[in-house]
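K.L.:
Provided below: work-v4.pdb, containing PDB, C-alpha atoms.
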ATOM      1  CA  MET C 161       9.043   4.515   9.359
ATOM      2  CA  SER C 162      10.080   6.029  12.615
ATOM      3  CA  SER C 163       9.807   4.854  16.199
ATOM      4  CA  GLN C 164       6.300   6.284  16.261
ATOM      5  CA  ILE C 165       5.061   2.869  15.118
ATOM      6  CA  SER C 166       5.922   1.427  18.504
ATOM      7  CA  SER C 167       5.147   4.500  20.547
ATOM      8  CA  PRO C 168       2.224   6.561  19.232
ATOM      9  CA  GLU C 169       2.514   8.693  22.389
ATOM     10  CA  HIS C 170       5.509  10.207  20.629
ATOM     11  CA  LEU C 171       3.035  11.893  18.293
ATOM     12  CA  HIS C 172       0.653  13.001  21.036
ATOM     13  CA  GLY C 173       0.509  16.731  21.295
ATOM     14  CA  GLN C 174       2.271  17.256  17.997
ATOM     15  CA  VAL C 175      -0.495  15.830  15.835
ATOM     16  CA  SER C 176      -3.447  18.166  16.196
ATOM     17  CA  ALA C 177      -1.418  21.337  16.698
ATOM     18  CA  ALA C 178       1.042  20.714  13.899
ATOM     19  CA  ALA C 179      -1.233  18.993  11.390
ATOM     20  CA  ALA C 180      -2.504  22.084   9.604
ATOM     21  CA  GLU C 181       0.884  23.770   9.713
ATOM     22  CA  SER C 182       2.722  20.761   8.261
ATOM     23  CA  THR C 183       0.174  20.532   5.445
ATOM     24  CA  PHE C 184       1.220  23.971   4.244
ATOM     25  CA  HIS C 185       4.938  23.249   4.686
ATOM     26  CA  GLU C 186       4.632  20.145   2.545
ATOM     27  CA  ILE C 187       3.504  22.211  -0.411
ATOM     28  CA  ASP C 188       6.914  23.900  -0.383
ATOM     29  CA  ASP C 189       8.826  20.653   0.023
ATOM     30  CA  ARG C 190      10.317  19.989  -3.410
ATOM     31  CA  ASP C 191      10.976  16.360  -2.639
ATOM     32  CA  ARG C 192       7.235  15.823  -2.299
ATOM     33  CA  ALA C 193       6.709  17.109  -5.821
ATOM     34  CA  ILE C 194       8.497  14.032  -7.202
ATOM     35  CA  PRO C 195       5.968  11.191  -7.534
ATOM     36  CA  ALA C 196       6.736   7.979  -5.632
ATOM     37  CA  ILE C 197       5.641   6.047  -8.733
ATOM     38  CA  GLU C 198       4.944   7.291 -12.238
ATOM     39  CA  PHE C 199       3.823   5.461 -15.389
ATOM     40  CA  ARG C 200       4.225   7.319 -18.683
ATOM     41  CA  ASP C 201       2.318   5.841 -21.629
ATOM     42  CA  VAL C 202       3.122   2.277 -20.564
ATOM     43  CA  ARG C 203       2.117  -0.443 -23.010
ATOM     44  CA  LEU C 204       2.245  -4.214 -22.639
ATOM     45  CA  ALA C 205       0.776  -7.028 -24.705
ATOM     46  CA  PHE C 206       0.971 -10.809 -24.464
ATOM     47  CA  ASP C 207       0.776 -12.107 -28.039
ATOM     48  CA  GLU C 208      -2.415 -10.554 -29.457
ATOM     49  CA  ARG C 209      -3.867  -9.511 -26.103
ATOM     50  CA  THR C 210      -3.293  -5.938 -24.943
ATOM     51  CA  VAL C 211      -2.803  -5.913 -21.165
ATOM     52  CA  LEU C 212      -1.889  -2.239 -20.673
ATOM     53  CA  ASN C 213      -2.845   0.256 -23.337
ATOM     54  CA  GLY C 214      -0.843   3.487 -22.901
ATOM     55  CA  LEU C 215      -1.169   3.736 -19.132
ATOM     56  CA  SER C 216      -0.197   7.065 -17.506
ATOM     57  CA  PHE C 217      -0.636   7.912 -13.814
ATOM     58  CA  LYS C 218       1.249   9.157 -10.750
ATOM     59  CA  VAL C 219       1.260   8.098  -7.100
ATOM     60  CA  MET C 220       2.369  11.110  -5.065
ATOM     61  CA  LYS C 221       4.296  10.982  -1.781
ATOM     62  CA  GLY C 222       2.013   9.849   1.051
ATOM     63  CA  GLU C 223      -0.822   9.023  -1.361
ATOM     64  CA  THR C 224      -2.785   5.779  -1.660
ATOM     65  CA  LYS C 225      -3.819   4.938  -5.223
ATOM     66  CA  ILE C 226      -6.659   2.408  -5.198
ATOM     67  CA  ILE C 227      -6.718   0.440  -8.450
ATOM     68  CA  LEU C 228     -10.129  -1.080  -9.160
ATOM     69  CA  GLY C 229     -11.332  -3.339 -11.921
ATOM     70  CA  GLY C 230     -12.486  -6.829 -12.812
ATOM     71  CA  SER C 231     -10.107  -9.759 -13.216
ATOM     72  CA  GLY C 232      -7.880  -9.586 -16.283
ATOM     73  CA  GLY C 233      -8.094  -5.782 -16.395
ATOM     74  CA  GLY C 234      -4.351  -5.280 -15.822
ATOM     75  CA  LYS C 235      -4.399  -4.381 -12.102
ATOM     76  CA  SER C 236      -1.815  -6.870 -10.825
ATOM     77  CA  THR C 237       0.306  -6.350 -13.949
ATOM     78  CA  ILE C 238       0.939  -2.773 -12.760
ATOM     79  CA  ILE C 239       2.501  -4.089  -9.532
ATOM     80  CA  LYS C 240       4.687  -6.578 -11.424
ATOM     81  CA  ILE C 241       5.965  -3.769 -13.645
ATOM     82  CA  VAL C 242       6.787  -1.516 -10.661
ATOM     83  CA  LEU C 243       8.818  -4.391  -9.178
ATOM     84  CA  GLY C 244      10.557  -5.055 -12.498
ATOM     85  CA  LEU C 245       9.103  -8.586 -12.728
ATOM     86  CA  LEU C 246       7.601  -7.622 -16.095
ATOM     87  CA  LYS C 247       9.052  -5.158 -18.592
ATOM     88  CA  PRO C 248       6.718  -2.931 -20.642
ATOM     89  CA  ASP C 249       6.832  -3.028 -24.435
ATOM     90  CA  ALA C 250       6.853   0.779 -24.506
ATOM     91  CA  GLY C 251       6.659   3.765 -22.181
ATOM     92  CA  GLN C 252       8.506   4.694 -18.977
ATOM     93  CA  VAL C 253       8.266   3.626 -15.354
ATOM     94  CA  LEU C 254       9.741   5.875 -12.647
ATOM     95  CA  VAL C 255      10.222   5.087  -8.955
ATOM     96  CA  ASP C 256      11.123   8.121  -6.808
ATOM     97  CA  GLY C 257      11.970  10.033  -9.981
ATOM     98  CA  GLU C 258      14.370   7.301 -11.148
ATOM     99  CA  ASP C 259      13.657   5.792 -14.588
ATOM    100  CA  VAL C 260      13.715   2.026 -13.926
ATOM    101  CA  THR C 261      12.138   0.956 -17.227
ATOM    102  CA  ASN C 262      15.191  -0.801 -18.613
ATOM    103  CA  TYR C 263      16.919  -1.729 -15.355
ATOM    104  CA  SER C 264      18.593  -5.101 -15.144
ATOM    105  CA  GLU C 265      17.638  -7.582 -12.399
ATOM    106  CA  MET C 266      20.734  -6.467 -10.492
ATOM    107  CA  GLU C 267      19.772  -2.771 -10.732
ATOM    108  CA  MET C 268      16.170  -3.547  -9.714
ATOM    109  CA  MET C 269      17.354  -5.140  -6.467
ATOM    110  CA  SER C 270      18.338  -1.741  -5.055
ATOM    111  CA  VAL C 271      14.979  -0.270  -6.174
ATOM    112  CA  ARG C 272      13.045  -3.103  -4.506
ATOM    113  CA  LYS C 273      14.684  -2.262  -1.183
ATOM    114  CA  LYS C 274      12.560   0.919  -1.164
ATOM    115  CA  ILE C 275       9.371  -1.089  -1.708
ATOM    116  CA  GLY C 276       7.287  -3.275   0.604
ATOM    117  CA  MET C 277       5.143  -5.930  -1.101
ATOM    118  CA  VAL C 278       1.965  -7.436   0.350
ATOM    119  CA  PHE C 279       0.771 -10.449  -1.631
ATOM    120  CA  GLN C 280      -2.761 -11.793  -1.947
ATOM    121  CA  GLU C 281      -2.288 -14.856   0.244
ATOM    122  CA  GLY C 282       0.287 -13.408   2.644
ATOM    123  CA  ALA C 283       2.836 -15.670   0.852
ATOM    124  CA  LEU C 284       4.586 -16.785   4.036
ATOM    125  CA  PHE C 285       7.265 -19.454   4.264
ATOM    126  CA  ASP C 286       5.369 -22.330   5.906
ATOM    127  CA  SER C 287       8.531 -23.891   7.363
ATOM    128  CA  LEU C 288       9.539 -20.680   9.185
ATOM    129  CA  SER C 289       8.056 -19.208  12.374
ATOM    130  CA  VAL C 290       6.341 -15.816  12.343
ATOM    131  CA  TYR C 291       9.554 -14.343  13.781
ATOM    132  CA  ASP C 292      11.729 -15.807  11.003
ATOM    133  CA  ASN C 293       9.233 -14.851   8.284
ATOM    134  CA  VAL C 294       9.259 -11.202   9.349
ATOM    135  CA  ALA C 295      13.038 -11.270   9.919
ATOM    136  CA  TYR C 296      13.778 -12.880   6.545
ATOM    137  CA  ARG C 297      15.160  -9.811   4.789
ATOM    138  CA  LEU C 298      17.258  -8.799   7.812
ATOM    139  CA  HIS C 299      18.699 -12.301   8.166
ATOM    140  CA  GLU C 300      19.655 -12.179   4.471
ATOM    141  CA  GLN C 301      21.508  -8.934   5.181
ATOM    142  CA  ASN C 302      23.290 -10.476   8.215
ATOM    143  CA  VAL C 303      21.915  -7.852  10.608
ATOM    144  CA  PRO C 304      22.897  -8.612  14.254
ATOM    145  CA  GLU C 305      20.223 -10.722  15.984
ATOM    146  CA  ASP C 306      19.498  -8.251  18.807
ATOM    147  CA  GLU C 307      18.677  -5.590  16.178
ATOM    148  CA  VAL C 308      16.610  -8.114  14.215
ATOM    149  CA  GLU C 309      14.493  -8.996  17.245
ATOM    150  CA  LYS C 310      13.871  -5.342  18.079
ATOM    151  CA  GLU C 311      12.767  -4.611  14.524
ATOM    152  CA  VAL C 312      10.593  -7.746  14.218
ATOM    153  CA  ARG C 313       8.814  -6.945  17.493
ATOM    154  CA  ARG C 314       8.251  -3.337  16.372
ATOM    155  CA  MET C 315       6.625  -4.473  13.124
ATOM    156  CA  LEU C 316       4.517  -7.170  14.768
ATOM    157  CA  ARG C 317       3.351  -4.561  17.290
ATOM    158  CA  PHE C 318       2.305  -2.339  14.389
ATOM    159  CA  VAL C 319       0.066  -5.124  13.017
ATOM    160  CA  ASN C 320      -1.087  -6.132  16.558
ATOM    161  CA  LEU C 321       0.463  -9.595  16.391
ATOM    162  CA  GLU C 322       3.401  -9.526  18.800
ATOM    163  CA  ASP C 323       1.795 -12.409  20.744
ATOM    164  CA  ALA C 324       2.103 -14.650  17.665
ATOM    165  CA  ILE C 325       5.882 -14.195  17.320
ATOM    166  CA  ASP C 326       6.704 -17.884  17.980
ATOM    167  CA  LYS C 327       3.797 -19.427  16.062
ATOM    168  CA  MET C 328       4.069 -21.229  12.716
ATOM    169  CA  PRO C 329       2.004 -20.018   9.725
ATOM    170  CA  ALA C 330      -0.176 -23.162   9.902
ATOM    171  CA  GLU C 331      -1.384 -22.023  13.342
ATOM    172  CA  LEU C 332      -2.620 -18.654  12.029
ATOM    173  CA  SER C 333      -5.962 -17.608  10.544
ATOM    174  CA  GLY C 334      -6.053 -16.171   7.022
ATOM    175  CA  GLY C 335      -6.264 -12.619   8.361
ATOM    176  CA  MET C 336      -3.335 -13.157  10.728
ATOM    177  CA  ARG C 337      -1.237 -14.515   7.849
ATOM    178  CA  ARG C 338      -1.950 -11.330   5.842
ATOM    179  CA  ARG C 339      -0.957  -9.189   8.823
ATOM    180  CA  VAL C 340       2.322 -11.095   9.210
ATOM    181  CA  GLY C 341       2.830 -10.502   5.466
ATOM    182  CA  ILE C 342       2.349  -6.770   6.047
ATOM    183  CA  ALA C 343       4.819  -6.794   8.971
ATOM    184  CA  ARG C 344       7.356  -8.527   6.722
ATOM    185  CA  ALA C 345       6.754  -5.980   3.944
ATOM    186  CA  LEU C 346       7.464  -3.107   6.358
ATOM    187  CA  ILE C 347      10.927  -4.319   7.403
ATOM    188  CA  GLY C 348      13.464  -1.725   6.305
ATOM    189  CA  ASP C 349      10.904   1.105   6.550
ATOM    190  CA  PRO C 350       9.928   1.275   2.858
ATOM    191  CA  LYS C 351       8.245   4.512   1.832
ATOM    192  CA  ILE C 352       6.364   2.671  -0.944
ATOM    193  CA  VAL C 353       4.101  -0.321  -0.226
ATOM    194  CA  LEU C 354       2.280  -2.342  -2.889
ATOM    195  CA  PHE C 355      -0.863  -4.252  -1.882
ATOM    196  CA  ASP C 356      -2.057  -6.910  -4.343
ATOM    197  CA  GLU C 357      -5.639  -7.930  -3.434
ATOM    198  CA  PRO C 358      -4.679  -8.046   0.278
ATOM    199  CA  THR C 359      -8.251  -8.686   1.485
ATOM    200  CA  ALA C 360      -9.281 -11.348  -1.069
ATOM    201  CA  GLY C 361     -11.129 -14.197   0.616
ATOM    202  CA  LEU C 362     -11.248 -12.519   4.035
ATOM    203  CA  ASP C 363     -14.407 -11.877   6.047
ATOM    204  CA  PRO C 364     -15.470  -8.187   6.315
ATOM    205  CA  PRO C 365     -14.100  -7.494   9.854
ATOM    206  CA  THR C 366     -10.703  -8.974   8.944
ATOM    207  CA  ALA C 367     -10.661  -7.100   5.618
ATOM    208  CA  ARG C 368     -11.340  -3.918   7.566
ATOM    209  CA  THR C 369      -8.320  -4.627   9.817
ATOM    210  CA  ILE C 370      -6.085  -4.866   6.731
ATOM    211  CA  CYS C 371      -7.486  -1.554   5.429
ATOM    212  CA  GLU C 372      -6.849   0.064   8.824
ATOM    213  CA  LEU C 373      -3.188  -0.943   8.588
ATOM    214  CA  ALA C 374      -3.023   0.643   5.121
ATOM    215  CA  MET C 375      -4.592   3.824   6.554
ATOM    216  CA  LYS C 376      -2.099   3.924   9.446
ATOM    217  CA  LEU C 377       0.759   3.698   6.946
ATOM    218  CA  ARG C 378      -0.734   6.465   4.809
ATOM    219  CA  ASP C 379      -1.737   8.888   7.562
ATOM    220  CA  LEU C 380       0.861   8.323  10.284
ATOM    221  CA  GLU C 381       3.898   7.147   8.312
ATOM    222  CA  ASP C 382       3.544   9.117   5.047
ATOM    223  CA  VAL C 383       3.864   5.909   3.006
ATOM    224  CA  SER C 384       2.898   5.941  -0.686
ATOM    225  CA  SER C 385       0.954   2.894  -1.807
ATOM    226  CA  ILE C 386      -0.845   1.147  -4.618
ATOM    227  CA  PHE C 387      -3.824  -0.854  -3.333
ATOM    228  CA  VAL C 388      -5.122  -3.268  -5.972
ATOM    229  CA  THR C 389      -8.612  -4.567  -5.224
ATOM    230  CA  HIS C 390     -11.954  -5.487  -6.750
ATOM    231  CA  GLU C 391     -13.822  -5.118  -3.452
ATOM    232  CA  MET C 392     -15.925  -2.006  -2.913
ATOM    233  CA  ASN C 393     -15.736  -2.243   0.906
ATOM    234  CA  ASN C 394     -12.032  -1.439   0.709
ATOM    235  CA  LEU C 395     -12.827   1.714  -1.216
ATOM    236  CA  ASP C 396     -15.372   2.738   1.448
ATOM    237  CA  TYR C 397     -12.816   2.343   4.259
ATOM    238  CA  LEU C 398      -9.774   3.843   2.544
ATOM    239  CA  CYS C 399     -11.541   6.870   1.083
ATOM    240  CA  SER C 400     -13.814   7.873   3.946
ATOM    241  CA  GLU C 401     -11.665   7.477   7.073
ATOM    242  CA  TYR C 402      -8.280   8.568   8.319
ATOM    243  CA  ALA C 403      -6.007   7.551  11.198
ATOM    244  CA  VAL C 404      -5.057   9.947  13.996
ATOM    245  CA  VAL C 405      -3.473   9.577  17.412
ATOM    246  CA  ASN C 406      -5.759  10.649  20.272
ATOM    247  CA  GLU C 407      -4.887  12.237  23.632
ATOM    248  CA  LYS C 408      -4.182   8.814  25.145
ATOM    249  CA  GLY C 409      -1.648   8.030  22.429
ATOM    250  CA  GLU C 410      -3.955   5.477  20.775
ATOM    251  CA  VAL C 411      -4.523   5.239  17.038
ATOM    252  CA  VAL C 412      -8.169   5.910  16.207
ATOM    253  CA  PHE C 413     -10.032   6.205  12.905
ATOM    254  CA  GLU C 414     -12.154   9.240  12.162
ATOM    255  CA  LYS C 415     -14.722   9.720   9.437
ATOM    256  CA  GLU C 416     -14.021  12.125   6.611
ATOM    257  CA  GLY C 417     -16.407  15.018   7.082
ATOM    258  CA  GLU C 418     -16.653  18.727   7.648
ATOM    259  CA  ARG C 419     -13.177  18.891   9.187
ATOM    260  CA  LEU C 420     -11.291  17.151   6.425
ATOM    261  CA  CYS C 421     -11.723  15.990   2.879
ATOM    262  CA  LEU C 422      -9.317  13.186   2.076
ATOM    263  CA  ILE C 423      -7.041  14.239  -0.743
ATOM    264  CA  ASN C 424      -4.391  11.557  -0.217
ATOM    265  CA  SER C 425      -6.513   8.685  -1.560
ATOM    266  CA  LYS C 426      -7.389   8.511  -5.235
ATOM    267  CA  VAL C 427      -9.081   5.881  -7.371
ATOM    268  CA  LEU C 428      -7.962   4.487 -10.721
ATOM    269  CA  MET C 429     -10.381   2.198 -12.518
ATOM    270  CA  MET C 430      -9.134  -0.215 -15.163
ATOM    271  CA  ARG C 431     -10.930  -2.030 -17.930
ATOM    272  CA  GLU C 432      -9.189  -4.144 -20.565
ATOM    273  CA  GLY C 433      -5.873  -2.367 -20.071
ATOM    274  CA  ASN C 434      -7.325   1.140 -20.179
ATOM    275  CA  ILE C 435      -7.943   3.678 -17.432
ATOM    276  CA  ILE C 436     -11.650   4.415 -17.575
ATOM    277  CA  PHE C 437     -11.677   6.594 -14.453
ATOM    278  CA  SER C 438      -9.168   8.540 -12.392
ATOM    279  CA  GLY C 439     -10.087  10.766  -9.455
ATOM    280  CA  THR C 440     -11.805  10.845  -6.063
ATOM    281  CA  ASP C 441     -14.258   8.229  -4.818
ATOM    282  CA  GLU C 442     -16.949  10.955  -4.699
ATOM    283  CA  ARG C 443     -16.543  11.514  -8.441
ATOM    284  CA  LEU C 444     -16.466   7.764  -9.110
ATOM    285  CA  ARG C 445     -19.831   7.325  -7.402
ATOM    286  CA  LYS C 446     -21.362  10.000  -9.622
ATOM    287  CA  ALA C 447     -19.932   8.576 -12.873
ATOM    288  CA  ASP C 448     -22.410   7.852 -15.691
ATOM    289  CA  ASP C 449     -20.355   5.063 -17.287
ATOM    290  CA  GLN C 450     -22.451   1.865 -17.301
ATOM    291  CA  TYR C 451     -19.486  -0.426 -16.551
ATOM    292  CA  ILE C 452     -18.611   1.700 -13.506
ATOM    293  CA  ARG C 453     -22.242   1.792 -12.331
ATOM    294  CA  LYS C 454     -22.444  -1.983 -12.610
ATOM    295  CA  PHE C 455     -19.128  -2.431 -10.798
ATOM    296  CA  LEU C 456     -20.249  -0.161  -7.956
ATOM    297  CA  ARG C 457     -23.362  -2.283  -7.520
ATOM    298  CA  GLY C 458     -21.101  -5.332  -7.227
ATOM    299  CA  HIS C 459     -22.196  -7.142 -10.398
TER
END
Let's see the structure in the file written out as structure tokens.
P.N.:
Amino acid sequence: MSSQISSPEHLHGQVSAAAAESTFHEIDDRDRAIPAIEFRDVRLAFDERTVLNGLSFKVMKGETKIILGGSGGGKSTIIKIVLGLLKPDAGQVLVDGEDVTNYSEMEMMSVRKKIGMVFQEGALFDSLSVYDNVAYRLHEQNVPEDEVEKEVRRMLRFVNLEDAIDKMPAELSGGMRRRVGIARALIGDPKIVLFDEPTAGLDPPTARTICELAMKLRDLEDVSSIFVTHEMNNLDYLCSEYAVVNEKGEVVFEKEGERLCLINSKVLMMREGNIIFSGTDERLRKADDQYIRKFLRGH
């Protein structure tokens, strides 16, 4: 994640002129052909209950994969497997082309450095200030304090919370806690970010703010992400809008339309450990499957 997080003006002028050109260059970029995350026929069962039943999918570079489904469908299990917190019974898991399926805890630590994790509740340390929460990973690595402060301020600026740098988590609203969690996840500039129900329990405007941060990461920082959710509003935001930098150097959100069809956001729908849908949100909305129809209506 480059300095453009703190200074979107850096992108001004380059964005509109270079956007189309870079799109074509990326097709030739071999590195982009390697998925950020890939599951190959992954299976997992707890006793008699099948949690993942031969799951295969890819998250490409700069793509957001939205994983939908009811509770107990295996959505959060996918994130735990990517992080190596659960091991599959069969199949392969690749991160950046590296087969991590049988990695030890020690080996997984280097893989996790590439990944930012946003938990459902923000999962902040209540005894630490916002500054120390965001700086946690850097303090563990004994990074010099002047560098730590610069980085923490940059990330808090990205989530529009620099003013809260000295506050304690107890002083923050639920939405602010999630945003601090996102800032903490972005330390170290991970190119993969995992969101586990990041908007659960939030009011619609706050949930939208979280989705906007996910869109900024996708569209301005080329971050690959898995976004686990059961909320249809998130799908509406993530699949129908994109972030750009305007002439004033401000980040704005534009509607998908004539000019652009979003191809960097795809939907995966889970039911009882199986993928019952994979594709664009447009196709999802036209699906005949009764479970999907019911889910889309919010029942």
K.L.:
Restricting the calculation to only C-alpha atoms: of C:Met277, C:Met429, C:Val340, C:Gln301, which residue gets closest to C:Arg317?
P.N.:
C:Val340
K.L.:
Got a sec: who's within 8 Å of C:Ala367, counting all atoms listed in the file, leaving out chain neighbours fewer than 6 positions off, as a ChimeraX atom specification?
P.N.:
/C:335,359,394
K.L.:
When the PyMOL selection byres ((chain C and resi 227) around 7) is applied to the file above, which residues end up in the set, as a list in words?
P.N.:
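Selected by the PyMOL selection byres ((chain C and resi 227) around 7) in this file: Lys225, Ile226, Leu228, Gly229, Lys235, Phe387, Val388, Thr389, Val427, Leu428 and Met429 of chain C.
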K.L.:
Using only C-alpha atoms, find each residue of stretch 329-433 of chain C with at least one atom at most 9 Å away from an atom of stretch 283-298 of chain C; report its shortest atom-to-atom pair and that distance in Å (one decimal), sort the rows by chain and rising residue number, and return the result as JSON lines.
P.N.:
{"residue": "C:Pro329", "atom": "CA", "partner": "C:Asp286", "partner_atom": "CA", "distance": 5.6}
{"residue": "C:Ala330", "atom": "CA", "partner": "C:Asp286", "partner_atom": "CA", "distance": 6.9}
{"residue": "C:Arg337", "atom": "CA", "partner": "C:Leu284", "partner_atom": "CA", "distance": 7.3}
{"residue": "C:Arg338", "atom": "CA", "partner": "C:Ala283", "partner_atom": "CA", "distance": 8.2}
{"residue": "C:Val340", "atom": "CA", "partner": "C:Val294", "partner_atom": "CA", "distance": 6.9}
{"residue": "C:Gly341", "atom": "CA", "partner": "C:Leu284", "partner_atom": "CA", "distance": 6.7}
{"residue": "C:Ile342", "atom": "CA", "partner": "C:Val294", "partner_atom": "CA", "distance": 8.8}
{"residue": "C:Ala343", "atom": "CA", "partner": "C:Val294", "partner_atom": "CA", "distance": 6.3}
{"residue": "C:Arg344", "atom": "CA", "partner": "C:Val294", "partner_atom": "CA", "distance": 4.2}
{"residue": "C:Ala345", "atom": "CA", "partner": "C:Val294", "partner_atom": "CA", "distance": 7.9}
{"residue": "C:Leu346", "atom": "CA", "partner": "C:Val294", "partner_atom": "CA", "distance": 8.8}
{"residue": "C:Ile347", "atom": "CA", "partner": "C:Val294", "partner_atom": "CA", "distance": 7.3}
{"residue": "C:Gly348", "atom": "CA", "partner": "C:Leu298", "partner_atom": "CA", "distance": 8.2}
K.L.:
Residues at most 7 Å from C:Val319, counting all atoms listed in the file, excluding those fewer than 4 positions away in the same chain, as a PyMOL selection string?
P.N.:
chain C and resi 315+339+343+373
K.L.:
Restricting the calculation to only C-alpha atoms: of C:Leu456, C:Ile423, C:Ile194, C:Ala447, which residue gets closest to C:Glu401?
P.N.:
C:Ile423
K.L.:
Taking all atoms listed in the file into account, name the residue in C:Ser264, C:Ser384, C:Asn434, C:Asn424 that is nearest to C:Leu398.
P.N.:
C:Asn424
K.L.:
Might you pull out every residue within 10 Å of C:Glu258, with only C-alpha atoms counted and same-chain residues fewer than 4 positions away left off, and present them as a PyMOL selection string?
P.N.:
chain C and resi 194-198+253-254+271
K.L.:
As lines of an AutoDock Vina configuration file, please report the centre and edge lengths, rounded to one decimal in Å, of the axis-aligned box that holds all listed atoms of stretch 197-206 of chain C with 6 Å of padding on each of the six sides.
P.N.:
center_x = 3.2
center_y = -1.7
center_z = -16.7
size_x = 16.9
size_y = 30.1
size_z = 28.0
K.L.:
Given the choices C:Arg313, C:Lys247, C:Lys351, C:Arg203, which gets closest to C:Gly276 if the distance is worked out from all atoms listed in the file?
P.N.:
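Among the listed residues, the smallest separation from C:Gly276 belongs to C:Lys351.
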